[in-house]
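Structure data follow from entry.txt (compact mmCIF, C-alpha atoms):
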# COMPACT_ATOMS: atom_id res chain seq x y z
CA MET Q 1 105.92 93.87 129.68
CA THR Q 2 105.47 97.42 130.91
CA GLU Q 3 102.42 97.70 133.16
CA GLY Q 4 99.34 98.53 131.12
CA ARG Q 5 101.08 97.75 127.86
CA ILE Q 6 99.95 94.76 125.80
CA GLY Q 7 102.89 92.61 124.80
CA ARG Q 8 103.80 89.04 123.90
CA ASP Q 9 102.33 87.54 127.06
CA PHE Q 10 98.85 88.76 126.08
CA TYR Q 11 98.92 86.64 122.93
CA GLU Q 12 100.53 83.69 124.70
CA ASP Q 13 98.37 83.60 127.84
CA THR Q 14 94.89 84.52 126.56
CA ASP Q 15 92.54 82.82 124.10
CA TYR Q 16 93.33 85.42 121.42
CA PHE Q 17 94.08 82.77 118.79
CA GLU Q 18 91.15 80.54 119.72
CA ALA Q 19 88.18 82.79 120.55
CA GLY Q 20 85.80 83.19 117.61
CA ALA Q 21 88.52 82.37 115.11
CA GLY Q 22 86.56 80.05 112.81
CA HIS Q 23 86.12 82.65 110.06
CA ILE Q 24 89.85 83.39 110.29
CA THR Q 25 91.24 79.86 110.22
CA ASP Q 26 88.97 78.86 107.32
CA LEU Q 27 90.70 80.12 104.16
CA GLU Q 28 87.46 79.59 102.23
CA SER Q 29 85.35 81.77 104.54
CA PRO Q 30 83.93 84.91 102.89
CA PHE Q 31 86.02 87.04 105.24
CA GLN Q 32 89.32 85.39 104.33
CA ARG Q 33 88.61 85.24 100.60
CA TYR Q 34 87.85 88.97 100.73
CA ARG Q 35 90.90 89.75 102.86
CA VAL Q 36 93.36 87.86 100.66
CA ALA Q 37 91.87 89.28 97.46
CA LYS Q 38 91.98 92.87 98.70
CA VAL Q 39 95.59 92.61 99.88
CA LEU Q 40 96.57 91.13 96.51
CA GLU Q 41 94.87 94.07 94.82
CA LEU Q 42 97.54 96.20 96.45
CA PHE Q 43 100.36 94.08 95.07
CA GLU Q 44 100.55 90.50 93.78
CA PRO Q 45 104.00 88.91 94.04
CA GLY Q 46 105.37 86.85 91.16
CA PRO Q 47 106.56 83.22 91.19
CA GLU Q 48 110.17 84.15 92.01
CA ALA Q 49 109.27 86.46 94.87
CA ARG Q 50 110.52 86.07 98.41
CA VAL Q 51 107.76 87.28 100.74
CA VAL Q 52 107.48 87.97 104.47
CA ASP Q 53 104.10 87.85 106.22
CA LEU Q 54 104.79 90.05 109.22
CA GLY Q 55 102.52 89.34 112.16
CA CYS Q 56 101.39 86.15 110.43
CA GLY Q 57 98.87 85.20 113.15
CA TRP Q 58 97.07 82.13 111.82
CA GLY Q 59 99.25 81.85 108.71
CA THR Q 60 96.60 83.03 106.26
CA PHE Q 61 98.83 84.60 103.65
CA CYS Q 62 101.51 81.95 103.88
CA PHE Q 63 98.93 79.25 103.17
CA ALA Q 64 97.18 81.29 100.48
CA LEU Q 65 100.33 82.36 98.62
CA GLY Q 66 102.87 79.68 99.53
CA HIS Q 67 102.30 77.72 96.32
CA ARG Q 68 102.57 80.86 94.16
CA VAL Q 69 105.90 82.34 95.27
CA LYS Q 70 109.47 81.13 95.70
CA GLU Q 71 109.64 81.62 99.46
CA MET Q 72 107.17 82.65 102.14
CA VAL Q 73 108.26 83.43 105.70
CA GLY Q 74 105.63 83.94 108.37
CA VAL Q 75 106.88 85.97 111.32
CA ASP Q 76 105.09 86.38 114.64
CA PHE Q 77 106.36 87.14 118.13
CA SER Q 78 103.88 84.72 119.67
CA GLN Q 79 105.01 81.13 120.02
CA LYS Q 80 101.35 80.13 120.09
CA SER Q 81 100.94 81.64 116.62
CA VAL Q 82 104.00 79.85 115.27
CA ASP Q 83 102.86 76.54 116.75
CA LEU Q 84 99.40 76.91 115.19
CA CYS Q 85 100.91 77.77 111.83
CA ASN Q 86 103.35 74.86 111.92
CA ALA Q 87 100.48 72.51 112.75
CA GLY Q 88 98.61 73.81 109.70
CA LEU Q 89 101.70 73.41 107.56
CA GLU Q 90 101.85 69.68 108.32
CA ASP Q 91 98.71 69.12 106.25
CA ARG Q 92 99.93 71.12 103.25
CA ASP Q 93 102.57 70.56 100.58
CA LEU Q 94 104.29 73.94 100.82
CA PRO Q 95 108.07 73.39 100.93
CA GLY Q 96 108.79 77.09 100.41
CA VAL Q 97 106.89 78.14 103.55
CA ARG Q 98 108.36 78.45 107.03
CA PHE Q 99 107.38 80.17 110.26
CA VAL Q 100 109.67 82.08 112.60
CA ARG Q 101 109.12 83.39 116.09
CA ALA Q 102 110.62 86.86 116.09
CA ASP Q 103 109.86 90.46 116.96
CA ALA Q 104 108.64 92.62 114.07
CA ARG Q 105 111.13 95.25 115.17
CA ASP Q 106 114.06 92.85 114.85
CA THR Q 107 113.20 89.80 112.76
CA GLY Q 108 116.71 88.43 112.35
CA LEU Q 109 115.96 87.89 108.66
CA GLU Q 110 118.57 88.50 105.99
CA GLU Q 111 119.16 92.13 105.04
CA GLY Q 112 118.02 93.22 101.58
CA ALA Q 113 116.71 89.77 100.68
CA TYR Q 114 112.93 90.08 100.26
CA ASP Q 115 110.66 91.42 97.54
CA LEU Q 116 107.53 92.02 99.60
CA VAL Q 117 106.48 92.43 103.21
CA ILE Q 118 102.78 91.89 103.89
CA ALA Q 119 101.56 93.68 107.02
CA ALA Q 120 97.89 92.76 107.06
CA ASP Q 121 96.05 93.59 110.28
CA LEU Q 122 99.33 94.28 112.05
CA VAL Q 123 99.91 98.00 112.54
CA GLU Q 124 96.83 98.52 114.73
CA HIS Q 125 98.49 96.13 117.20
CA LEU Q 126 101.69 98.23 117.36
CA TYR Q 127 102.38 101.11 119.72
CA PRO Q 128 103.76 104.25 118.02
CA ASP Q 129 107.42 103.62 118.87
CA ASP Q 130 107.11 99.99 117.82
CA THR Q 131 105.60 101.04 114.50
CA VAL Q 132 108.59 103.22 113.66
CA ALA Q 133 111.02 100.43 114.56
CA THR Q 134 108.98 97.90 112.56
CA LEU Q 135 108.94 100.03 109.42
CA ASN Q 136 112.68 100.51 109.72
CA GLU Q 137 113.10 96.74 110.00
CA CYS Q 138 110.93 96.23 106.93
CA ARG Q 139 113.13 98.59 104.98
CA ARG Q 140 116.22 96.69 106.17
CA ILE Q 141 115.04 93.27 104.99
CA LEU Q 142 113.59 94.44 101.67
CA LYS Q 143 115.56 94.50 98.44
CA PRO Q 144 116.00 97.86 96.71
CA GLY Q 145 112.64 98.45 95.06
CA GLY Q 146 110.98 95.95 97.39
CA ARG Q 147 107.50 96.74 98.65
CA ILE Q 148 105.44 96.74 101.81
CA SER Q 149 101.67 96.34 101.68
CA ILE Q 150 99.62 97.46 104.69
CA TRP Q 151 96.00 96.53 105.38
CA THR Q 152 94.44 97.87 108.56
CA PRO Q 153 91.03 98.83 110.02
CA HIS Q 154 89.80 102.40 109.70
CA ARG Q 155 88.82 103.59 113.15
CA GLY Q 156 86.25 106.01 111.79
CA HIS Q 157 84.07 103.33 110.20
CA VAL Q 158 80.64 102.99 111.79
CA LEU Q 159 81.17 99.34 112.80
CA GLU Q 160 84.58 100.09 114.29
CA ILE Q 161 83.11 102.98 116.29
CA LEU Q 162 80.33 100.75 117.65
CA LYS Q 163 82.72 97.88 118.37
CA ASN Q 164 85.09 100.11 120.29
CA ARG Q 165 82.16 101.15 122.48
CA ASP Q 166 81.14 97.51 123.01
CA ILE Q 167 77.83 98.29 121.30
CA ILE Q 168 78.27 95.67 118.59
CA LEU Q 169 80.61 92.69 118.77
CA LYS Q 170 83.39 93.27 121.28
CA ARG Q 171 86.22 95.75 121.46
CA ASP Q 172 89.59 94.24 120.60
CA VAL Q 173 91.92 95.43 123.36
CA SER Q 174 94.93 94.42 121.27
CA HIS Q 175 94.15 97.24 118.83
CA VAL Q 176 96.34 99.65 120.75
CA ASP Q 177 96.99 102.33 118.13
CA TYR Q 178 94.86 102.82 115.02
CA LYS Q 179 96.69 104.62 112.24
CA SER Q 180 94.97 107.02 109.87
CA LEU Q 181 95.73 106.97 106.16
CA ASP Q 182 97.64 110.24 106.37
CA ARG Q 183 99.65 109.07 109.35
CA LEU Q 184 100.66 105.84 107.62
CA LYS Q 185 101.81 107.77 104.57
CA SER Q 186 103.86 110.06 106.79
CA LEU Q 187 105.42 107.19 108.75
CA LEU Q 188 106.36 105.39 105.55
CA ASP Q 189 107.87 108.53 104.09
CA GLU Q 190 109.96 109.05 107.22
CA ALA Q 191 111.15 105.42 107.04
CA GLY Q 192 112.44 105.91 103.49
CA PHE Q 193 109.55 104.48 101.48
CA LEU Q 194 107.77 105.93 98.48
CA VAL Q 195 104.01 105.51 98.75
CA GLU Q 196 102.60 104.08 95.51
CA LYS Q 197 98.98 103.43 96.51
CA ALA Q 198 96.90 104.70 99.41
CA TYR Q 199 93.14 104.39 99.61
CA TYR Q 200 90.09 103.28 101.61
CA ALA Q 201 88.36 99.98 100.95
CA GLU Q 202 84.91 98.55 101.58
CA SER Q 203 84.15 95.63 103.92
CA HIS Q 204 83.14 92.05 103.08
CA VAL Q 205 79.67 92.36 104.61
CA PRO Q 206 76.96 91.71 101.96
CA GLY Q 207 74.67 94.67 101.40
CA LEU Q 208 76.81 97.06 103.37
CA ARG Q 209 79.72 96.41 101.02
CA GLY Q 210 77.91 97.90 98.03
CA VAL Q 211 76.87 101.02 99.92
CA GLU Q 212 80.39 101.49 101.24
CA LYS Q 213 81.97 101.12 97.82
CA ALA Q 214 79.60 103.66 96.31
CA PHE Q 215 79.94 106.33 98.99
CA LEU Q 216 83.15 105.84 101.00
CA GLU Q 217 84.94 108.54 99.03
CA TRP Q 218 82.60 111.13 100.57
CA VAL Q 219 81.41 109.48 103.81
CA PRO Q 220 84.13 108.65 106.37
CA LEU Q 221 81.74 106.42 108.33
CA LEU Q 222 81.73 104.02 105.35
CA ARG Q 223 85.51 103.66 105.06
CA ARG Q 224 86.03 100.17 106.46
CA ARG Q 225 89.70 99.52 105.69
CA ILE Q 226 92.88 101.39 104.86
CA ALA Q 227 95.17 100.02 102.15
CA VAL Q 228 98.68 101.30 101.47
CA LEU Q 229 101.48 100.10 99.20
CA ALA Q 230 104.96 101.60 99.44
CA ARG Q 231 108.30 100.92 97.74
CA LYS Q 232 111.77 101.00 99.26
CA GLU Q 233 113.69 103.80 97.58
Written as structure tokens, how would this file's structure read?
Amino acid sequence: MTEGRIGRDFYEDTDYFEAGAGHITDLESPFQRYRVAKVLELFEPGPEARVVDLGCGWGTFCFALGHRVKEMVGVDFSQKSVDLCNAGLEDRDLPGVRFVRADARDTGLEEGAYDLVIAADLVEHLYPDDTVATLNECRRILKPGGRISIWTPHRGHVLEILKNRDIILKRDVSHVDYKSLDRLKSLLDEAGFLVEKAYYAESHVPGLRGVEKAFLEWVPLLRRRIAVLARKE
């Protein structure tokens, strides 16, 4: 790892996957129900779909969708992530799900074989050059007409601003490069994708969620998440 640059060893050697992860590992938590539902609003794969969850982390989307699609491959460059996901897989009857340790920039997956790549809470962890390489890899593994769905924090939201100043919660040092909506659209266009959907979404927090949904179109501070769907041309 280049000095000062967060890489694989950060995820392997710290408590990233353990610290405060209860709401993440519990698929029935309000946060995870919201997260899965909002990503599926972007695009819901059919029963014959082959899907890649890129940066699978705790395996959320593999476990949530594994019984609904033909194949689900969770990819993460952290062995700790893959081990956690495989442990979770032991308790579930999901024969179409598997987990692979691989770099998002070079997954080793079959070219032109997949219908959908889910990149939920991934791109904020990628440095600019890695993002370009990752989008190119997504295009390589997708079938013609295949899609990529991106779900990422909006840095301009009031909670994200406070968190990044350690005023509320704690800054996530692994969020190395937030992408704006316009920048994501531009990066996807340069990688050979056609953007089909691109919008801001509200958070899962009761009370705040309703205010955000009503006013986020006009008030940047209330734009909690960025959602983008693009198709391989």
Return as CSV the residues of range 112-175 of chain Q lying at most 12 Å from range 189-210 of chain Q, together with the closest atom-to-atom pair for each and the distance in Å to one decimal, counting all atoms listed in the file, with rows in chain order and ascending residue number.
residue,atom,partner,partner_atom,distance
Q:Thr131,CA,Q:Ala191,CA,10.3
Q:Val132,CA,Q:Ala191,CA,7.4
Q:Ala133,CA,Q:Ala191,CA,9.0
Q:Thr134,CA,Q:Ala191,CA,9.6
Q:Leu135,CA,Q:Ala191,CA,6.3
Q:Asn136,CA,Q:Ala191,CA,5.8
Q:Glu137,CA,Q:Ala191,CA,9.4
Q:Cys138,CA,Q:Ala191,CA,9.2
Q:Arg139,CA,Q:Ala191,CA,7.4
Q:Arg140,CA,Q:Ala191,CA,10.1
Q:Leu142,CA,Q:Phe193,CA,10.8
Q:Pro144,CA,Q:Phe193,CA,10.4
Q:Gly145,CA,Q:Phe193,CA,9.3
Q:Gly146,CA,Q:Phe193,CA,9.6
Q:Arg147,CA,Q:Phe193,CA,8.5
Q:Ile148,CA,Q:Phe193,CA,8.8
Q:Ser149,CA,Q:Lys197,CA,9.2
Q:Ile150,CA,Q:Ala198,CA,9.4
Q:Trp151,CA,Q:Ala201,CA,9.5
Q:Thr152,CA,Q:Tyr200,CA,9.8
Q:Pro153,CA,Q:Ala201,CA,9.5
Q:His154,CA,Q:Tyr200,CA,8.1
Q:Arg155,CA,Q:Tyr200,CA,11.6
Q:Gly156,CA,Q:Tyr200,CA,11.2
Q:His157,CA,Q:Glu202,CA,9.9
Q:Val158,CA,Q:Leu208,CA,11.0
Q:Leu159,CA,Q:Ser203,CA,10.1
Q:Glu160,CA,Q:Ser203,CA,11.3
Among Q:Leu216, Q:Leu42, Q:Ala87, Q:Ala102, Val228 in chain Q is approached most closely, using all atoms listed in the file, by Q:Leu42
Who sits within 7 Å of His125 in chain Q, all atoms listed in the file, same chain under 4 positions skipped, as an mmCIF file with C-alpha atoms, in the frame of the given file:
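Done, and the output landed in out14.cif:
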data_model
loop_
_atom_site.group_PDB
_atom_site.id
_atom_site.type_symbol
_atom_site.label_atom_id
_atom_site.label_comp_id
_atom_site.auth_asym_id
_atom_site.auth_seq_id
_atom_site.Cartn_x
_atom_site.Cartn_y
_atom_site.Cartn_z
ATOM 1 C CA SER Q 174 94.930 94.420 121.270
ATOM 2 C CA HIS Q 175 94.150 97.240 118.830
ATOM 3 C CA VAL Q 176 96.340 99.650 120.750
ATOM 4 C CA ASP Q 177 96.990 102.330 118.130
#
Against range 51-60 of chain Q, which residues of range 73-190 of chain Q fall within 8 Å? For each one I want the closest pair of atoms and the distance in Å (one decimal), counting only C-alpha atoms, rows by chain and increasing residue number, as a tab-separated table.
residue	atom	partner	partner_atom	distance
Q:Val73	CA	Q:Val52	CA	4.8
Q:Gly74	CA	Q:Asp53	CA	4.7
Q:Val75	CA	Q:Leu54	CA	5.0
Q:Asp76	CA	Q:Gly55	CA	4.6
Q:Phe77	CA	Q:Gly55	CA	7.4
Q:Ser81	CA	Q:Gly57	CA	5.4
Q:Val82	CA	Q:Gly57	CA	7.7
Q:Leu84	CA	Q:Trp58	CA	6.6
Q:Cys85	CA	Q:Gly59	CA	5.4
Q:Ala104	CA	Q:Leu54	CA	6.7
Q:Tyr114	CA	Q:Val51	CA	5.9
Q:Asp115	CA	Q:Val51	CA	6.0
Q:Leu116	CA	Q:Val51	CA	4.9
Q:Val117	CA	Q:Val52	CA	4.7
Q:Ile118	CA	Q:Asp53	CA	4.8
Q:Ala119	CA	Q:Leu54	CA	5.3
Q:Ala120	CA	Q:Gly55	CA	7.7
Q:Asp121	CA	Q:Gly55	CA	8.0
Q:Leu122	CA	Q:Gly55	CA	5.9
Compile the contact shell of Gly66 in chain Q as a VMD selection string: residues with an atom at most 12 Å away, counting all atoms listed in the file, same-chain residues fewer than 2 positions apart removed. chain Q and resid 45 to 53 59 to 64 68 to 74 89 92 to 99
Writing out the chosen residues with C-alpha atoms as a PDB file, in the frame of the given file:
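Saved file part_5.pdb follows:
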ATOM      1  CA  PRO Q  45     104.000  88.910  94.040  1.00  0.00           C
ATOM      2  CA  GLY Q  46     105.370  86.850  91.160  1.00  0.00           C
ATOM      3  CA  PRO Q  47     106.560  83.220  91.190  1.00  0.00           C
ATOM      4  CA  GLU Q  48     110.170  84.150  92.010  1.00  0.00           C
ATOM      5  CA  ALA Q  49     109.270  86.460  94.870  1.00  0.00           C
ATOM      6  CA  ARG Q  50     110.520  86.070  98.410  1.00  0.00           C
ATOM      7  CA  VAL Q  51     107.760  87.280 100.740  1.00  0.00           C
ATOM      8  CA  VAL Q  52     107.480  87.970 104.470  1.00  0.00           C
ATOM      9  CA  ASP Q  53     104.100  87.850 106.220  1.00  0.00           C
ATOM     10  CA  GLY Q  59      99.250  81.850 108.710  1.00  0.00           C
ATOM     11  CA  THR Q  60      96.600  83.030 106.260  1.00  0.00           C
ATOM     12  CA  PHE Q  61      98.830  84.600 103.650  1.00  0.00           C
ATOM     13  CA  CYS Q  62     101.510  81.950 103.880  1.00  0.00           C
ATOM     14  CA  PHE Q  63      98.930  79.250 103.170  1.00  0.00           C
ATOM     15  CA  ALA Q  64      97.180  81.290 100.480  1.00  0.00           C
ATOM     16  CA  ARG Q  68     102.570  80.860  94.160  1.00  0.00           C
ATOM     17  CA  VAL Q  69     105.900  82.340  95.270  1.00  0.00           C
ATOM     18  CA  LYS Q  70     109.470  81.130  95.700  1.00  0.00           C
ATOM     19  CA  GLU Q  71     109.640  81.620  99.460  1.00  0.00           C
ATOM     20  CA  MET Q  72     107.170  82.650 102.140  1.00  0.00           C
ATOM     21  CA  VAL Q  73     108.260  83.430 105.700  1.00  0.00           C
ATOM     22  CA  GLY Q  74     105.630  83.940 108.370  1.00  0.00           C
ATOM     23  CA  LEU Q  89     101.700  73.410 107.560  1.00  0.00           C
ATOM     24  CA  ARG Q  92      99.930  71.120 103.250  1.00  0.00           C
ATOM     25  CA  ASP Q  93     102.570  70.560 100.580  1.00  0.00           C
ATOM     26  CA  LEU Q  94     104.290  73.940 100.820  1.00  0.00           C
ATOM     27  CA  PRO Q  95     108.070  73.390 100.930  1.00  0.00           C
ATOM     28  CA  GLY Q  96     108.790  77.090 100.410  1.00  0.00           C
ATOM     29  CA  VAL Q  97     106.890  78.140 103.550  1.00  0.00           C
ATOM     30  CA  ARG Q  98     108.360  78.450 107.030  1.00  0.00           C
ATOM     31  CA  PHE Q  99     107.380  80.170 110.260  1.00  0.00           C
TER      32      PHE Q  99
END
Applying 8 Å and all atoms listed in the file, which residues near Tyr11 in chain Q remain after dropping the ones on its own chain fewer than 4 positions away? List them as JSON, numbers by chain. {"Q": [7, 15, 16, 17, 78, 80]}
Find the distance between CA of Ala113 in chain Q and CA of Lys143 in chain Q and write it in Å to one decimal. 5.4 Å
Written record: range 217-228 of chain Q, C-alpha atoms, as a PDB file, in the first residue's frame:
ATOM      1  CA  GLU Q 217     -35.076  18.501  -4.718  1.00  0.00           C
ATOM      2  CA  TRP Q 218     -34.474  22.085  -3.589  1.00  0.00           C
ATOM      3  CA  VAL Q 219     -32.280  21.718  -0.475  1.00  0.00           C
ATOM      4  CA  PRO Q 220     -28.880  20.032  -1.007  1.00  0.00           C
ATOM      5  CA  LEU Q 221     -28.419  19.562   2.746  1.00  0.00           C
ATOM      6  CA  LEU Q 222     -31.325  17.079   2.678  1.00  0.00           C
ATOM      7  CA  ARG Q 223     -29.948  14.882  -0.116  1.00  0.00           C
ATOM      8  CA  ARG Q 224     -28.828  11.827   1.833  1.00  0.00           C
ATOM      9  CA  ARG Q 225     -27.964   9.362  -0.936  1.00  0.00           C
ATOM     10  CA  ILE Q 226     -27.108   9.295  -4.612  1.00  0.00           C
ATOM     11  CA  ALA Q 227     -28.650   6.612  -6.818  1.00  0.00           C
ATOM     12  CA  VAL Q 228     -27.575   5.899 -10.392  1.00  0.00           C
TER      13      VAL Q 228
END
